Amino acid sequence: MKMKKPAILFLILALLVTSLLAGCTGTGTKTPEPTIEPTEAEPTPVPTPRPPMKYFTMSFDDGITQDARIIEILKKYNMPCTFNINTGLFGVRWDWVGEVSGNPNLLHLRFTKEEILGGVYDGFDVEVHTLNHPSLAGNYGNNISAIISEVGDDAKNIAELTGIAPVGMAYPGGQESDTSDLVIRTILENTDIRFARMAVNQKKPSEFALPEYWMKWYPSCQIGNIATFKSLAKKFINAEVTDHDLLFYAWGHGYELDNNKCWEQFEEVIKMLSEADDIMFVTNAEFYEIFKDEIPCWKD
Ligand SMILES: [Zn+2]
C-alpha cells in the first residue's frame, strides 16, 4: 500500500496523540506517582500531666509455702502483690531460718515447680530473686558470668513458668554488701531486669519517698515488723498529697508472719489500706511501668 505524504504525517500525528492520551488517562502502563511526604513535621504530642497520687506496693521473698496464705488474704481485699522467687531451689527446705530465728519449728519451705505451674501465683506479679539466693556481691564478687546466670536464668525460668518476663528483682540478702556497682552494671548490661529492691529500709519511711534509683529501691518497712507496718499504714492513709507522688512500700517473707504470730494483724492492715479510696494499689512491676521514664535505673 502506498500513502501520500500528508496521509503519513497524519498517521504519525495520530499515533503521537494516542500514546499521549494513554499516558494521561491511565489506559497504558504507568509508573505510580511517588507519595509526597508532608513537609511540615507532626507536632509532638504534649503528655497529659499525671496528678500526684499515693501508691502502695508490696513484695514477699523466697517463694515459700506461707505465700499461699498471704494470697488468700490478698484476694479477699483485691490487693496486688509481687513475689520474688528462686527457680534454682524448688521444694528446698531451709531449717537454718528457724534456727536463726530462735524457733526451730519455723517452716521455710519453697514451693515445687509443679506447685507453681499449678497456679499458686496466678494473677500476681512474679519477679526475680536469683536462681540460688547467693549474695551477688559477697559470694560472686567479680564473677560476671555467675551474676548473669543467677539473675538472667531465674528471669528466663520465671518467664517460662508464668508466661510473663520479669522486669525486676529483690537482691538476696538485700544488704549494701550484697550488691555493688559492678553487680548493678552487670545486671543492666546483660539482662532485662530494670529494678532491684533492697532489704534495707528507707531512713525516713514516713516521708513515703519514691526510689532515687531503680537498682537500689529502698522499701518503707518490713511486714514482719507488724507494729511499724501498722503505724506507717495509718500515717499513709492520713497523708495528704501535695505536689509530689507518695509511695508506701512494704516487704517481707511469709515465715515472718508465722514467727511473729501476726497473721490477723497483717490482714487487719491490708483491710485498712484497701478501704482507702485515694490510694493506687500496684505491683512492683506496675509501679515501675508508671514511673520508669521519671527515675533513672542507676548512676551515669
Ligand atoms: Zn530471700
# chains A, B, ... in the order shown; residues from 1 in each chain; ligands from 1
>>> closest_atom_pairs(of="chain A", to="ligand 1", cutoff="12 Å", atoms="only C-alpha atoms and all ligand atoms", output="Markdown table")
| residue | atom | partner | partner_atom_place_in_ligand_line | distance |
| --- | --- | --- | --- | --- |
| A:Ser59 | CA | ligand 1 | 1 (Zn) | 11.1 |
| A:Phe60 | CA | ligand 1 | 1 (Zn) | 8.6 |
| A:Asp61 | CA | ligand 1 | 1 (Zn) | 5.1 |
| A:Asp62 | CA | ligand 1 | 1 (Zn) | 4.8 |
| A:Gly63 | CA | ligand 1 | 1 (Zn) | 8.6 |
| A:Ile64 | CA | ligand 1 | 1 (Zn) | 9.8 |
| A:Phe83 | CA | ligand 1 | 1 (Zn) | 10.5 |
| A:Asn84 | CA | ligand 1 | 1 (Zn) | 7.9 |
| A:Ile85 | CA | ligand 1 | 1 (Zn) | 8.0 |
| A:Asn86 | CA | ligand 1 | 1 (Zn) | 8.3 |
| A:Leu89 | CA | ligand 1 | 1 (Zn) | 11.4 |
| A:Trp94 | CA | ligand 1 | 1 (Zn) | 11.3 |
| A:Val97 | CA | ligand 1 | 1 (Zn) | 10.7 |
| A:His108 | CA | ligand 1 | 1 (Zn) | 10.7 |
| A:Arg110 | CA | ligand 1 | 1 (Zn) | 10.9 |
| A:Val128 | CA | ligand 1 | 1 (Zn) | 10.3 |
| A:His129 | CA | ligand 1 | 1 (Zn) | 6.7 |
| A:Thr130 | CA | ligand 1 | 1 (Zn) | 9.0 |
| A:Leu131 | CA | ligand 1 | 1 (Zn) | 10.8 |
| A:Asn132 | CA | ligand 1 | 1 (Zn) | 9.6 |
| A:His133 | CA | ligand 1 | 1 (Zn) | 6.4 |
| A:Pro134 | CA | ligand 1 | 1 (Zn) | 9.0 |
| A:Ser135 | CA | ligand 1 | 1 (Zn) | 9.8 |
| A:Leu136 | CA | ligand 1 | 1 (Zn) | 12.0 |
| A:Met169 | CA | ligand 1 | 1 (Zn) | 10.6 |
| A:Ala170 | CA | ligand 1 | 1 (Zn) | 7.7 |
| A:Tyr171 | CA | ligand 1 | 1 (Zn) | 7.4 |
| A:Pro172 | CA | ligand 1 | 1 (Zn) | 4.7 |
| A:Gly173 | CA | ligand 1 | 1 (Zn) | 5.9 |
| A:Gly174 | CA | ligand 1 | 1 (Zn) | 7.8 |
| A:Gln175 | CA | ligand 1 | 1 (Zn) | 11.0 |
| A:Asp178 | CA | ligand 1 | 1 (Zn) | 11.4 |
| A:Arg197 | CA | ligand 1 | 1 (Zn) | 11.0 |
| A:Met198 | CA | ligand 1 | 1 (Zn) | 10.5 |
| A:Ala199 | CA | ligand 1 | 1 (Zn) | 9.0 |
| A:Trp251 | CA | ligand 1 | 1 (Zn) | 10.9 |
| A:Gly252 | CA | ligand 1 | 1 (Zn) | 9.0 |
| A:His253 | CA | ligand 1 | 1 (Zn) | 7.8 |
| A:Gly254 | CA | ligand 1 | 1 (Zn) | 10.8 |
| A:Tyr255 | CA | ligand 1 | 1 (Zn) | 11.2 |
>>> closest_atom_pairs(of="range 42-134 of chain A", to="range 272-285 of chain A", cutoff="6 Å", atoms="only C-alpha atoms", output="JSON lines")
{"residue": "A:Lys54", "atom": "CA", "partner": "A:Ile279", "partner_atom": "CA", "distance": 5.0}
{"residue": "A:Tyr55", "atom": "CA", "partner": "A:Met280", "partner_atom": "CA", "distance": 4.7}
{"residue": "A:Phe56", "atom": "CA", "partner": "A:Phe281", "partner_atom": "CA", "distance": 5.0}
{"residue": "A:Thr57", "atom": "CA", "partner": "A:Val282", "partner_atom": "CA", "distance": 5.3}
{"residue": "A:Pro80", "atom": "CA", "partner": "A:Thr283", "partner_atom": "CA", "distance": 5.6}
{"residue": "A:Cys81", "atom": "CA", "partner": "A:Thr283", "partner_atom": "CA", "distance": 5.0}
{"residue": "A:Thr82", "atom": "CA", "partner": "A:Thr283", "partner_atom": "CA", "distance": 5.5}
>>> residues_around(residues="Ile158 in chain A", least_positions_apart="4", cutoff="8 Å", atoms="only C-alpha atoms", output="PyMOL selection string")
chain A and resi 87+126-128+154+162-166
>>> write_last_selection(atoms="N, CA and C atoms", output="short mmCIF file (atom, residue, chain, number, x, y, z; two decimals), in the first residue's frame")
data_model
loop_
_atom_site.label_atom_id
_atom_site.label_comp_id
_atom_site.auth_asym_id
_atom_site.auth_seq_id
_atom_site.Cartn_x
_atom_site.Cartn_y
_atom_site.Cartn_z
N THR A 87 14.23 -19.86 91.28
CA THR A 87 13.85 -21.05 90.50
C THR A 87 14.92 -22.15 90.50
N VAL A 126 5.26 -11.98 89.55
CA VAL A 126 6.39 -12.82 89.97
C VAL A 126 7.67 -12.24 89.40
N GLU A 127 8.61 -11.94 90.28
CA GLU A 127 9.87 -11.32 89.85
C GLU A 127 11.05 -12.14 90.37
N VAL A 128 12.23 -11.71 89.99
CA VAL A 128 13.47 -12.46 90.22
C VAL A 128 14.00 -12.31 91.65
N ASP A 154 17.20 -17.03 86.19
CA ASP A 154 15.99 -17.01 87.02
C ASP A 154 14.87 -16.30 86.26
N THR A 162 5.44 -18.56 84.10
CA THR A 162 4.26 -17.68 84.24
C THR A 162 3.79 -17.10 82.91
N GLY A 163 4.65 -17.13 81.91
CA GLY A 163 4.31 -16.53 80.62
C GLY A 163 4.58 -15.03 80.60
N ILE A 164 5.09 -14.50 81.69
CA ILE A 164 5.39 -13.06 81.75
C ILE A 164 6.86 -12.87 82.11
N ALA A 165 7.58 -12.12 81.27
CA ALA A 165 9.01 -11.90 81.52
C ALA A 165 9.19 -10.89 82.66
N PRO A 166 9.96 -11.25 83.69
CA PRO A 166 10.18 -10.33 84.80
C PRO A 166 10.96 -9.09 84.38
#
>>> select_by_dssp(residues="range 100-161 of chain A", states="strand (DSSP E)", output="number ranges by chain")
A: 125-128
>>> write_last_selection(atoms="C-alpha atoms", output="mmCIF file, in the first residue's frame")
data_model
loop_
_atom_site.group_PDB
_atom_site.id
_atom_site.type_symbol
_atom_site.label_atom_id
_atom_site.label_comp_id
_atom_site.auth_asym_id
_atom_site.auth_seq_id
_atom_site.Cartn_x
_atom_site.Cartn_y
_atom_site.Cartn_z
ATOM 1 C CA ASP A 125 3.446 -10.380 89.886
ATOM 2 C CA VAL A 126 6.388 -12.824 89.975
ATOM 3 C CA GLU A 127 9.869 -11.322 89.851
ATOM 4 C CA VAL A 128 13.475 -12.461 90.218
#
>>> residues_around(residues="Asn201 in chain A", least_positions_apart="5", cutoff="7 Å", atoms="only C-alpha atoms", output="JSON, numbers by chain")
{"A": [218, 219, 220, 221]}
>>> write_last_selection(atoms="N, CA and C atoms", output="tab-separated table (two decimals), in the first residue's frame")
chain	number	residue	atom	x	y	z
A	218	TYR	N	14.90	1.25	97.92
A	218	TYR	CA	14.77	1.04	99.37
A	218	TYR	C	13.29	1.07	99.76
A	219	PRO	N	12.81	0.00	100.42
A	219	PRO	CA	11.39	-0.02	100.81
A	219	PRO	C	11.13	0.81	102.07
A	220	SER	N	9.85	0.91	102.44
A	220	SER	CA	9.47	1.69	103.62
A	220	SER	C	9.65	0.88	104.91
A	221	CYS	N	9.19	-0.35	104.91
A	221	CYS	CA	9.27	-1.15	106.14
A	221	CYS	C	9.08	-2.63	105.84
>>> atom_distance(atom1="CA of Leu246 in chain A", atom2="CA of Phe208 in chain A")
5.2 Å
>>> select_by_dssp(residues="range 40-275 of chain A", states="alpha helix (DSSP H)", output="number ranges by chain")
A: 67-76, 95-101, 113-117, 136-140, 144-148, 154-162, 181-190, 226-238, 254-259, 263-274
>>> closest_residue(among="A:Asp300, A:Arg69, A:Glu267, A:Ala146", to="Tyr213 in chain A", atoms="only C-alpha atoms")
A:Asp300
>>> residues_around(residues="Leu257 in chain A", least_positions_apart="5", cutoff="9 Å", atoms="only C-alpha atoms", output="VMD selection string")
chain A and resid 66 223 to 224 226 252 262 to 263 266
>>> closest_residue(among="A:Arg194, A:Leu107, A:Met58, A:Ile73", to="Asp293 in chain A", atoms="only C-alpha atoms")
A:Arg194
>>> atom_distance(atom1="CA of Ile148 in chain A", atom2="CA of Lys216 in chain A")
17.7 Å
>>> closest_residue(among="A:Cys297, A:Leu117, A:Leu161, A:Leu74", to="Asp181 in chain A", atoms="only C-alpha atoms")
A:Cys297
>>> closest_residue(among="A:Leu182, A:Thr228, A:Gly168, A:Lys113", to="Gly138 in chain A", atoms="only C-alpha atoms")
A:Leu182
